[in-house]
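Everything on this sheet refers to the single structure shown next.
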Amino acid sequence: MRLVRQTDSFRSRVRGTAKPARMALTLLTATALATACSAPAPKDTEPAAGQQAAAELRQEQRAHAAAVKRWGLEKAPLPAPPAPARKPHIPTRDGFEVDDHDGLPPVFTTIPTKDKVVFLTIDDGAEKDPAFLRMMRELKIPYTAFLSDYLVKEDYGYFGRMGADGVSLNNHTLHHRFMPGLSYAAQKREICGMQDVIEKRYGKRPTLFRPPYGNYNEDTLRAAKACGIKAAPLWNEEVFVDRWEYREWDRDLRPGDIVLSHFRGKEDWKGTMPDMVRRFLKLITDKGYAVARLEDYL
């Protein structure tokens, strides 16, 4: 509210009643200010905001239902629960330790959680299917990528678009070699070299590393730690276009399981990456699991 100062000529014309007038004006002004400052917001502000949020939610739900139909899913994927407020402690899995594992990155196949979730991880970078990016974006399916430079360098931009969608891009070495067959120095070049590539191309140095073929020794983990790696997730299941493979004897999912797949297409598989995603989502949805973001639990 803007107050207008009265002029001397006006005061001279009402000199006889100046004090009462000023007092009345002061009281009116104070009352007006108090009323303006304490007045509640218009009654329809909150309902309007709620209506807008509800409309946006309905629009998002319709778009998701359309994406489910467009990508040929029998059922809509289940929503993941909120990320845990406290991250679980993740030790190295029994039997996966190296001789002197204390202080080295943990190696694990499952996240300790009671949440009925699994985590999708995809390795190397051979296939660069634009339809896969659209499918995962439209369905809002989280996944984690482990990249090897000898394949990624064919199209750095493809994986840049993946990173722009919020996918974590991690280390799978420069050349995907059998790590235990290399010296410590050679392993360090493979891991640190890929750290440098990802940082240069995508702006962030990874903290996750997956050894090629899942093979490693103490030198691998020592080199990984020296390169800034904090954890080495492996996997408990692997999904292909036409089948699943399991690490456990009962061939079943468990809460917190890490699932492996690869960037592959018809040259290597009997189908496409979207075909693989459909198989993956069908099984986990039928079993009542959701896909969660691995990094939310680490």
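Letters A, B, ... mark the chains of the structure tokens in the order given; residue numbers begin at 1 per chain; ligand numbers begin at 1, in order shown.
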How would you write, as an MDAnalysis selection string, the set of residues in region 37-187 of chain A that DSSP gives as alpha helix (DSSP H)?
-> chainID A and resid 37:38 45:70 130:139 149:152 156:164 184:187
For the selection you just gave me, I'd like the residues written to a file as a tab-separated table (two decimals), in the first residue's frame, keeping C-alpha atoms.
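As written to disk, selection-v4.tsv reads:
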chain	number	residue	atom	x	y	z
A	37	CYS	CA	-1.40	-7.54	6.20
A	38	SER	CA	-3.66	-9.91	8.13
A	45	THR	CA	-6.26	-20.27	-3.84
A	46	GLU	CA	-5.64	-23.57	-2.07
A	47	PRO	CA	-8.37	-25.54	-3.86
A	48	ALA	CA	-7.16	-24.17	-7.19
A	49	ALA	CA	-3.61	-25.33	-6.47
A	50	GLY	CA	-4.93	-28.73	-5.40
A	51	GLN	CA	-7.04	-28.99	-8.51
A	52	GLN	CA	-4.04	-28.17	-10.68
A	53	ALA	CA	-1.91	-30.82	-8.95
A	54	ALA	CA	-4.70	-33.38	-9.34
A	55	ALA	CA	-5.06	-32.52	-13.02
A	56	GLU	CA	-1.30	-32.89	-13.55
A	57	LEU	CA	-1.36	-36.25	-11.77
A	58	ARG	CA	-4.23	-37.49	-13.94
A	59	GLN	CA	-2.39	-36.36	-17.06
A	60	GLU	CA	0.77	-38.16	-15.92
A	61	GLN	CA	-1.21	-41.33	-15.21
A	62	ARG	CA	-2.83	-41.22	-18.65
A	63	ALA	CA	0.56	-40.72	-20.31
A	64	HIS	CA	2.01	-43.66	-18.39
A	65	ALA	CA	-0.95	-45.90	-19.28
A	66	ALA	CA	-0.50	-44.93	-22.93
A	67	ALA	CA	3.22	-45.78	-22.72
A	68	VAL	CA	2.44	-49.19	-21.18
A	69	LYS	CA	0.13	-49.93	-24.10
A	70	ARG	CA	2.47	-48.48	-26.72
A	130	PRO	CA	17.18	-45.21	-29.70
A	131	ALA	CA	13.95	-47.12	-29.09
A	132	PHE	CA	15.40	-48.46	-25.84
A	133	LEU	CA	16.06	-44.91	-24.57
A	134	ARG	CA	12.52	-43.83	-25.45
A	135	MET	CA	11.00	-46.90	-23.83
A	136	MET	CA	12.83	-46.49	-20.54
A	137	ARG	CA	12.15	-42.76	-20.46
A	138	GLU	CA	8.43	-43.09	-21.18
A	139	LEU	CA	7.93	-45.97	-18.76
A	149	ASP	CA	35.14	-47.38	-23.77
A	150	TYR	CA	36.06	-49.61	-26.72
A	151	LEU	CA	32.30	-49.86	-27.45
A	152	VAL	CA	31.02	-46.57	-26.07
A	156	TYR	CA	29.48	-41.08	-26.95
A	157	GLY	CA	26.39	-38.98	-27.60
A	158	TYR	CA	24.04	-41.94	-27.18
A	159	PHE	CA	25.22	-42.52	-23.62
A	160	GLY	CA	25.23	-38.78	-23.00
A	161	ARG	CA	21.49	-38.78	-23.74
A	162	MET	CA	21.16	-41.70	-21.36
A	163	GLY	CA	22.93	-39.73	-18.64
A	164	ALA	CA	20.69	-36.72	-19.32
A	184	TYR	CA	48.23	-54.51	-10.99
A	185	ALA	CA	49.55	-51.66	-13.14
A	186	ALA	CA	47.64	-52.85	-16.22
A	187	GLN	CA	44.43	-53.25	-14.22
Could you name the residues that touch region 260-274 of chain A at 9 Å or less, counting only C-alpha atoms, but leaving out those on the same chain fewer than 4 positions away, as a list in words?
-> Trp71, Phe119, Leu120, Thr121, Ile122, Asp123, Asp124, Gly125, Ala126, Glu127, Lys128, Asp129, Ala131, Phe132, Met135, Met136, Leu234, Trp235, Asn236, Glu237, Glu238, Val239, Phe240, Val241, Asp242, Arg278 and Arg279 of chain A
Set out as JSON lines a contact list for region 133-184 of chain A and region 206-220 of chain A with a cut-off of 8 Å, giving each residue of region 133-184 of chain A that qualifies its closest atom pair and distance in Å to one decimal, counting only C-alpha atoms, ordered by chain and rising residue number.
{"residue": "A:Phe146", "atom": "CA", "partner": "A:Arg210", "partner_atom": "CA", "distance": 6.8}
{"residue": "A:Leu169", "atom": "CA", "partner": "A:Pro206", "partner_atom": "CA", "distance": 7.0}
{"residue": "A:Asn170", "atom": "CA", "partner": "A:Pro206", "partner_atom": "CA", "distance": 5.3}
{"residue": "A:Asn171", "atom": "CA", "partner": "A:Phe209", "partner_atom": "CA", "distance": 4.7}
{"residue": "A:His172", "atom": "CA", "partner": "A:Arg210", "partner_atom": "CA", "distance": 5.3}
{"residue": "A:Thr173", "atom": "CA", "partner": "A:Pro211", "partner_atom": "CA", "distance": 7.3}
{"residue": "A:His176", "atom": "CA", "partner": "A:Pro212", "partner_atom": "CA", "distance": 5.4}
{"residue": "A:Arg177", "atom": "CA", "partner": "A:Pro212", "partner_atom": "CA", "distance": 6.5}
{"residue": "A:Phe178", "atom": "CA", "partner": "A:Pro212", "partner_atom": "CA", "distance": 6.4}
{"residue": "A:Met179", "atom": "CA", "partner": "A:Tyr216", "partner_atom": "CA", "distance": 5.8}
{"residue": "A:Pro180", "atom": "CA", "partner": "A:Tyr216", "partner_atom": "CA", "distance": 5.4}
{"residue": "A:Ser183", "atom": "CA", "partner": "A:Asp219", "partner_atom": "CA", "distance": 7.7}
{"residue": "A:Tyr184", "atom": "CA", "partner": "A:Asp219", "partner_atom": "CA", "distance": 5.3}
Report as a list in words: the residues of region 21-245 of chain A with a DSSP assignment of strand (DSSP E), based on the backbone of this structure.
->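 Taking region 21-245 of chain A and keeping strand (DSSP E) gives Val107, Phe108, Val117, Val118, Phe119, Leu120, Thr121, Ile122, Asp123, Asp124, Thr144, Ala145, Phe146, Leu147, Ser168, Leu169, Asn170, Asn171, Ala232, Pro233, Glu237, Glu238, Val239, Trp244 and Glu245 of chain A.
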With only C-alpha atoms as the atoms that count, which of A:Asp257, A:Trp249, A:Val107, A:Lys114 lies nearest to Ala224 (chain A)?
->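 Counting only C-alpha atoms, the residue closest to Ala224 (chain A) is A:Val107.
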